[in-house]
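> Here it is, the structure, as structure tokens.
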Amino acid sequence: MTFEHSPFIPSERHQELHEASIHSLSAVPSRRPFEFVDLETHFDAELETLWTYMRQRSRPSFNPGLLAEFTQWQNDIATARSSATMPIRYVVLGSRFPGVFSLGGDLDLFSAHIRNGDREALVRYGRACVHILHRNMLSLDQPIITIGLVEGDALGGGFEALLSFNVVIAERGTHFGLPETNFGLFPGMGAHCFLSRRLGAARAEQMILSGRSYTAEELYELGIVHALADPGMGRAEVERYIRQNRRRHSGHCAIYEASRSVNPLPLGELEAVVDLWADAALRLSEADLKLMRRLVGAQTRLLDKAA
């Protein structure tokens, strides 16, 4: 199932699109499985792989509309797999936006909630994010291997989201970063929890506190990126990976399950960090919020050029 590409829409229409997307999922009970506004899906029967691409009409970030679609997407995958209507063994997530996997959290929304002192809204947003990531980390309690396909930069929550995948395949020259400390905040949607388990607490803190950008090649050396592809060859590398490993699919699923058992990450831990993140957000100064707005402006100008 595929959809036509939608053009970039400026940030002033974000809220309208958020509400429309959320409404479209909740108000149409007869929607077909895998039918979305901002997600494009295609099932490859030969590789038993569900290819999914984020195809947003606004700045490529995790706004509430996209989060609602991801929740339904996960429900659709679990239903299709458990009912045997679609024998999904691999799930791949990428992005159609040129040069960008995801810019992470919806900074416009954060800024509005912070200015309104709305802690409940910040917590609600953060928990929606970590619930999706935690379920992805568990492979939806299905014998599925999840693969993040990185053909563009992954910042903030975009980087955090990739840490919940079993496998990350990235094109050389792409960048990953956690810039939140640059405007007085910290990544609250799982980075500390995931990275501490991968790299150890000290190395995770060093990466988060640095606020700097890391190349795909650097993260490959750290074991966070599992395979590298030449620019433009990301999808081909994912296909090669699946063809090479699909005979070992059951064993790989068992290894990932054992790893989760040995080093579990409870949902409650992710939610506790979200609470700390919301409290920290409400302590941001006016200067911090101005820096956040400058980052949004810089992203928007960059994306206007790409669009």
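A note on labels: chains of the structure tokens are A, B, ... as shown, every chain counts residues from 1, and ligands are counted from 1 in their shown order.
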Apply DSSP to the backbone of this structure and, from range 64-166 of chain A, keep only the residues in strand (DSSP E or B); write these as a VMD selection string.
chain A and resid 90 to 95 100 to 102 105 145 to 150 153 to 155
> For the selection just defined, write its residues with all heavy atoms to a file, as a short mmCIF file (atom, residue, chain, number, x, y, z; two decimals), in the first residue's frame.

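Result file is part-v3.cif:
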data_model
loop_
_atom_site.label_atom_id
_atom_site.label_comp_id
_atom_site.auth_asym_id
_atom_site.auth_seq_id
_atom_site.Cartn_x
_atom_site.Cartn_y
_atom_site.Cartn_z
N TYR A 90 10.03 -9.15 9.10
CA TYR A 90 10.88 -7.97 9.25
C TYR A 90 10.04 -6.72 9.07
O TYR A 90 9.16 -6.66 8.22
CB TYR A 90 12.00 -7.97 8.19
CG TYR A 90 13.00 -9.09 8.35
CD1 TYR A 90 12.80 -10.31 7.70
CD2 TYR A 90 14.14 -8.93 9.12
CE1 TYR A 90 13.71 -11.35 7.84
CE2 TYR A 90 15.06 -9.97 9.26
CZ TYR A 90 14.83 -11.17 8.62
OH TYR A 90 15.74 -12.20 8.76
N VAL A 91 10.31 -5.71 9.90
CA VAL A 91 9.67 -4.40 9.78
C VAL A 91 10.78 -3.36 9.62
O VAL A 91 11.70 -3.29 10.45
CB VAL A 91 8.81 -4.07 11.02
CG1 VAL A 91 8.35 -2.62 10.97
CG2 VAL A 91 7.61 -5.00 11.11
N VAL A 92 10.69 -2.59 8.54
CA VAL A 92 11.71 -1.57 8.25
C VAL A 92 11.05 -0.20 8.30
O VAL A 92 9.97 0.00 7.74
CB VAL A 92 12.33 -1.79 6.85
CG1 VAL A 92 13.42 -0.74 6.59
CG2 VAL A 92 12.91 -3.19 6.72
N LEU A 93 11.70 0.74 8.99
CA LEU A 93 11.21 2.12 9.04
C LEU A 93 12.26 3.06 8.50
O LEU A 93 13.41 3.06 8.95
CB LEU A 93 10.85 2.54 10.47
CG LEU A 93 10.35 3.99 10.60
CD1 LEU A 93 9.02 4.18 9.88
CD2 LEU A 93 10.23 4.39 12.07
N GLY A 94 11.87 3.88 7.51
CA GLY A 94 12.73 4.91 6.96
C GLY A 94 11.96 6.20 6.80
O GLY A 94 10.86 6.37 7.34
N SER A 95 12.54 7.13 6.06
CA SER A 95 11.91 8.43 5.84
C SER A 95 12.05 8.83 4.38
O SER A 95 13.08 8.57 3.75
CB SER A 95 12.56 9.50 6.73
OG SER A 95 12.13 10.80 6.36
N VAL A 100 16.83 13.74 5.68
CA VAL A 100 16.40 13.74 7.08
C VAL A 100 15.67 12.44 7.39
O VAL A 100 14.72 12.07 6.69
CB VAL A 100 15.46 14.93 7.39
CG1 VAL A 100 14.95 14.84 8.83
CG2 VAL A 100 16.18 16.25 7.17
N PHE A 101 16.10 11.75 8.45
CA PHE A 101 15.31 10.65 9.00
C PHE A 101 14.23 11.24 9.89
O PHE A 101 13.04 11.03 9.68
CB PHE A 101 16.19 9.67 9.78
CG PHE A 101 15.41 8.58 10.47
CD1 PHE A 101 14.98 7.47 9.76
CD2 PHE A 101 15.10 8.68 11.82
CE1 PHE A 101 14.24 6.47 10.38
CE2 PHE A 101 14.36 7.68 12.46
CZ PHE A 101 13.93 6.58 11.74
N SER A 102 14.63 11.98 10.91
CA SER A 102 13.68 12.72 11.75
C SER A 102 14.44 13.77 12.54
O SER A 102 15.58 13.54 12.98
CB SER A 102 12.96 11.78 12.73
OG SER A 102 12.14 12.53 13.61
N GLY A 105 11.62 15.60 18.43
CA GLY A 105 10.42 16.13 19.06
C GLY A 105 9.88 17.37 18.39
O GLY A 105 10.59 18.09 17.68
N ILE A 145 11.74 -8.94 13.50
CA ILE A 145 12.98 -8.19 13.65
C ILE A 145 12.76 -6.79 13.07
O ILE A 145 12.29 -6.65 11.94
CB ILE A 145 14.15 -8.89 12.94
CG1 ILE A 145 14.49 -10.19 13.69
CG2 ILE A 145 15.38 -7.98 12.87
CD1 ILE A 145 15.54 -11.04 13.04
N THR A 146 13.06 -5.78 13.86
CA THR A 146 12.84 -4.40 13.45
C THR A 146 14.15 -3.79 12.95
O THR A 146 15.20 -3.99 13.55
CB THR A 146 12.28 -3.56 14.60
OG1 THR A 146 13.20 -3.59 15.72
CG2 THR A 146 10.93 -4.10 15.06
N ILE A 147 14.05 -3.03 11.86
CA ILE A 147 15.23 -2.44 11.24
C ILE A 147 14.99 -0.95 10.98
O ILE A 147 14.00 -0.58 10.35
CB ILE A 147 15.56 -3.12 9.89
CG1 ILE A 147 15.80 -4.63 10.10
CG2 ILE A 147 16.78 -2.47 9.24
CD1 ILE A 147 16.03 -5.40 8.81
N GLY A 148 15.87 -0.11 11.48
CA GLY A 148 15.82 1.32 11.19
C GLY A 148 16.70 1.61 10.00
O GLY A 148 17.90 1.27 9.99
N LEU A 149 16.12 2.21 8.95
CA LEU A 149 16.85 2.56 7.74
C LEU A 149 17.12 4.06 7.75
O LEU A 149 16.19 4.87 7.68
CB LEU A 149 16.02 2.17 6.51
CG LEU A 149 16.48 2.72 5.15
CD1 LEU A 149 17.92 2.33 4.84
CD2 LEU A 149 15.53 2.25 4.05
N VAL A 150 18.39 4.44 7.84
CA VAL A 150 18.76 5.84 8.00
C VAL A 150 19.42 6.34 6.72
O VAL A 150 20.57 6.02 6.42
CB VAL A 150 19.71 6.03 9.21
CG1 VAL A 150 19.98 7.51 9.44
CG2 VAL A 150 19.12 5.39 10.46
N ASP A 153 19.75 12.59 8.28
CA ASP A 153 20.13 12.86 9.66
C ASP A 153 19.02 12.52 10.65
O ASP A 153 17.83 12.71 10.38
CB ASP A 153 20.50 14.33 9.81
CG ASP A 153 21.75 14.69 9.00
OD1 ASP A 153 22.46 13.77 8.55
OD2 ASP A 153 22.01 15.89 8.82
N ALA A 154 19.44 12.02 11.81
CA ALA A 154 18.51 11.65 12.90
C ALA A 154 18.92 12.44 14.14
O ALA A 154 19.98 12.20 14.72
CB ALA A 154 18.57 10.15 13.17
N LEU A 155 18.07 13.39 14.53
CA LEU A 155 18.39 14.27 15.65
C LEU A 155 17.41 14.08 16.79
O LEU A 155 16.23 13.79 16.57
CB LEU A 155 18.38 15.73 15.19
CG LEU A 155 19.32 16.07 14.03
CD1 LEU A 155 19.17 17.55 13.66
CD2 LEU A 155 20.76 15.75 14.38
#
> When you look at range 129-144 of chain A with a cut-off of 10 Å (counting only C-alpha atoms), what residues show up, excluding the ones that are within fewer than 5 positions of it in the same chain? I need them as number ranges by chain.
A: 49, 62-64, 67-68, 70-71, 74-75, 77-78, 81-82, 87-91, 105, 123-124, 157, 160-166, 188-190, 194, 249-250, 252-254, 256-257, 260, 265-271, 273-274
> Find the residue from A:Pro33, A:Gly184, A:Gly173, A:Gly126 that sits nearest to Trp73 in chain A; use only C-alpha atoms when measuring.
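Smallest distance to Trp73 in chain A is found for A:Pro33.
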> Please extract the residues of range 104-304 of chain A with a backbone DSSP assignment of helix (DSSP H, G or I) and present them as a ChimeraX atom specification.
/A:107-115,119-137,139-141,157-162,179-183,191-199,201-210,216-222,234-262,267-282,286-304
> Report the distance between CA of Leu122 in chain A and CA of Tyr214 in chain A in Å, rounded to one decimal place.
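Those two atoms sit 27.5 Å apart.
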> Quick one: distance from CA of Leu47 in chain A to CA of Phe34 in chain A in Å, one decimal?
18.2 Å
> Quick one: residues within 9 Å of Phe97 in chain A, only C-alpha atoms counted, chain neighbours fewer than 3 positions away excluded, as a PyMOL selection string?
chain A and resi 54-56+60+100-102+152+303+306-307
> Could you list, as a list in words, every residue within 10 Å of Thr181 in chain A, counting only C-alpha atoms and ignoring same-chain residues fewer than 4 positions away?
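Near neighbours after the sequence-gap exclusion: Leu185, Phe186, Pro187, Ile208, Leu209, Ser210, Gly211, Arg212 and Asp288 of chain A.
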> Using only C-alpha atoms, which of A:Pro179, A:Gly297, A:Gly65, A:Gly234 sits nearest Tyr125 in chain A?
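When distances to Tyr125 in chain A are compared using only C-alpha atoms, the smallest one comes from A:Gly65.
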> Need to verify the contact set: His226 in chain A, 9 Å, only C-alpha atoms, exclusion of same-chain residues closer than 2 positions in sequence. Can you return it as a list of chain:residue names?
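Here the qualifying residues turn out to be A:Val167, A:Val168, A:Ile169, A:Ala170, A:Leu219, A:Tyr220, A:Glu221, A:Gly223, A:Ile224, A:Leu228.
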> Just the number, please: distance in Å from CA of Ser61 in chain A to CA of Gly104 in chain A, one decimal.
4.9 Å
> Write out as number ranges by chain which residues come within 10 Å of Leu282 in chain A when counting only C-alpha atoms, dropping same-chain ones fewer than 6 positions away.
A: 110-111, 113-119, 122, 185
> Filtering to N, CA, C and O atoms, could you give me those residues as a PDB file, in the first residue's frame?

ATOM      1  N   PHE A 110       6.477  21.835  22.197  1.00  0.00           N
ATOM      2  CA  PHE A 110       7.145  21.933  23.499  1.00  0.00           C
ATOM      3  C   PHE A 110       7.123  23.371  24.006  1.00  0.00           C
ATOM      4  O   PHE A 110       6.791  23.639  25.172  1.00  0.00           O
ATOM      5  N   SER A 111       7.512  24.286  23.126  1.00  0.00           N
ATOM      6  CA  SER A 111       7.596  25.688  23.524  1.00  0.00           C
ATOM      7  C   SER A 111       6.247  26.206  24.005  1.00  0.00           C
ATOM      8  O   SER A 111       6.164  26.914  25.028  1.00  0.00           O
ATOM      9  N   HIS A 113       3.686  24.463  25.269  1.00  0.00           N
ATOM     10  CA  HIS A 113       3.326  23.846  26.557  1.00  0.00           C
ATOM     11  C   HIS A 113       4.154  24.446  27.694  1.00  0.00           C
ATOM     12  O   HIS A 113       3.640  24.654  28.810  1.00  0.00           O
ATOM     13  N   ILE A 114       5.431  24.711  27.428  1.00  0.00           N
ATOM     14  CA  ILE A 114       6.290  25.285  28.471  1.00  0.00           C
ATOM     15  C   ILE A 114       5.815  26.680  28.842  1.00  0.00           C
ATOM     16  O   ILE A 114       5.715  27.031  30.022  1.00  0.00           O
ATOM     17  N   ARG A 115       5.511  27.486  27.833  1.00  0.00           N
ATOM     18  CA  ARG A 115       5.044  28.850  28.112  1.00  0.00           C
ATOM     19  C   ARG A 115       3.715  28.846  28.868  1.00  0.00           C
ATOM     20  O   ARG A 115       3.450  29.748  29.665  1.00  0.00           O
ATOM     21  N   ASN A 116       2.903  27.822  28.623  1.00  0.00           N
ATOM     22  CA  ASN A 116       1.615  27.707  29.327  1.00  0.00           C
ATOM     23  C   ASN A 116       1.744  27.006  30.673  1.00  0.00           C
ATOM     24  O   ASN A 116       0.751  26.860  31.395  1.00  0.00           O
ATOM     25  N   GLY A 117       2.949  26.548  31.013  1.00  0.00           N
ATOM     26  CA  GLY A 117       3.150  25.832  32.265  1.00  0.00           C
ATOM     27  C   GLY A 117       2.375  24.532  32.322  1.00  0.00           C
ATOM     28  O   GLY A 117       1.992  24.073  33.401  1.00  0.00           O
ATOM     29  N   ASP A 118       2.159  23.900  31.167  1.00  0.00           N
ATOM     30  CA  ASP A 118       1.286  22.725  31.085  1.00  0.00           C
ATOM     31  C   ASP A 118       2.115  21.449  31.216  1.00  0.00           C
ATOM     32  O   ASP A 118       2.461  20.794  30.230  1.00  0.00           O
ATOM     33  N   ARG A 119       2.418  21.070  32.439  1.00  0.00           N
ATOM     34  CA  ARG A 119       3.202  19.855  32.681  1.00  0.00           C
ATOM     35  C   ARG A 119       2.458  18.618  32.210  1.00  0.00           C
ATOM     36  O   ARG A 119       3.058  17.685  31.653  1.00  0.00           O
ATOM     37  N   LEU A 122       2.998  18.028  28.541  1.00  0.00           N
ATOM     38  CA  LEU A 122       4.350  17.558  28.262  1.00  0.00           C
ATOM     39  C   LEU A 122       4.502  16.079  28.611  1.00  0.00           C
ATOM     40  O   LEU A 122       5.082  15.306  27.839  1.00  0.00           O
ATOM     41  N   LEU A 185      18.002  21.530  28.052  1.00  0.00           N
ATOM     42  CA  LEU A 185      17.153  20.375  28.328  1.00  0.00           C
ATOM     43  C   LEU A 185      17.992  19.104  28.189  1.00  0.00           C
ATOM     44  O   LEU A 185      19.209  19.151  28.037  1.00  0.00           O
TER      45      LEU A 185
END
> With distances taken over only C-alpha atoms, which of A:Glu151, A:Asp304, A:Glu40, A:Glu205 is nearest to Gly99 in chain A?
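So, comparing all the options, the nearest one is A:Glu151.
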> Could you pull the residues within 10 Å of Thr41 in chain A, counting only C-alpha atoms, minus those fewer than 2 positions along the same chain, as a ChimeraX atom specification?
/A:1-3,34-36,39,43-44,50-54,73,92-93
> For the residues selected in the previous step, produce a file with N, CA, C and O atoms as a short mmCIF file (atom, residue, chain, number, x, y, z; two decimals), in the first residue's frame.

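Ended up saving to selection_5.cif:
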data_model
loop_
_atom_site.label_atom_id
_atom_site.label_comp_id
_atom_site.auth_asym_id
_atom_site.auth_seq_id
_atom_site.Cartn_x
_atom_site.Cartn_y
_atom_site.Cartn_z
N MET A 1 0.85 -1.18 0.00
CA MET A 1 0.00 0.00 0.00
C MET A 1 0.88 1.23 0.00
O MET A 1 1.74 1.40 0.84
N THR A 2 0.72 2.10 -0.98
CA THR A 2 1.54 3.30 -1.07
C THR A 2 0.66 4.50 -1.28
O THR A 2 -0.49 4.40 -1.71
N PHE A 3 1.21 5.69 -1.00
CA PHE A 3 0.47 6.93 -1.15
C PHE A 3 1.33 7.94 -1.88
O PHE A 3 2.56 7.89 -1.83
N PHE A 34 -3.23 -0.39 7.66
CA PHE A 34 -2.08 0.24 7.03
C PHE A 34 -2.46 1.39 6.09
O PHE A 34 -1.74 1.69 5.15
N GLU A 35 -3.56 2.05 6.39
CA GLU A 35 -3.97 3.22 5.63
C GLU A 35 -3.74 4.46 6.50
O GLU A 35 -4.41 4.64 7.51
N PHE A 36 -2.78 5.28 6.09
CA PHE A 36 -2.38 6.41 6.92
C PHE A 36 -2.22 7.68 6.08
O PHE A 36 -2.28 7.64 4.86
N LEU A 39 2.28 8.06 6.90
CA LEU A 39 3.09 6.85 6.78
C LEU A 39 2.74 6.14 5.49
O LEU A 39 1.56 5.98 5.15
N PHE A 43 4.09 -4.13 1.70
CA PHE A 43 4.53 -5.45 2.14
C PHE A 43 5.19 -6.19 0.98
O PHE A 43 4.60 -6.37 -0.08
N ASP A 44 6.43 -6.60 1.22
CA ASP A 44 7.20 -7.37 0.25
C ASP A 44 7.05 -8.85 0.63
O ASP A 44 7.67 -9.33 1.58
N LEU A 50 7.73 -5.74 5.92
CA LEU A 50 6.86 -4.57 5.83
C LEU A 50 7.76 -3.34 5.77
O LEU A 50 8.43 -2.99 6.75
N TRP A 51 7.78 -2.68 4.60
CA TRP A 51 8.53 -1.44 4.44
C TRP A 51 7.62 -0.28 4.82
O TRP A 51 6.49 -0.18 4.33
N THR A 52 8.10 0.60 5.67
CA THR A 52 7.33 1.77 6.10
C THR A 52 8.22 3.00 6.02
O THR A 52 9.38 2.97 6.44
N TYR A 53 7.65 4.07 5.48
CA TYR A 53 8.37 5.33 5.37
C TYR A 53 7.54 6.46 5.96
O TYR A 53 6.34 6.56 5.68
N MET A 54 8.18 7.28 6.78
CA MET A 54 7.54 8.52 7.23
C MET A 54 7.51 9.47 6.03
O MET A 54 8.53 9.69 5.38
N TRP A 73 -0.29 1.93 13.53
CA TRP A 73 0.60 1.12 12.71
C TRP A 73 1.06 -0.12 13.49
O TRP A 73 1.04 -1.24 12.96
N VAL A 92 10.69 -2.59 8.54
CA VAL A 92 11.71 -1.57 8.25
C VAL A 92 11.05 -0.20 8.30
O VAL A 92 9.97 0.00 7.74
N LEU A 93 11.70 0.74 8.99
CA LEU A 93 11.21 2.12 9.04
C LEU A 93 12.26 3.06 8.50
O LEU A 93 13.41 3.06 8.95
#
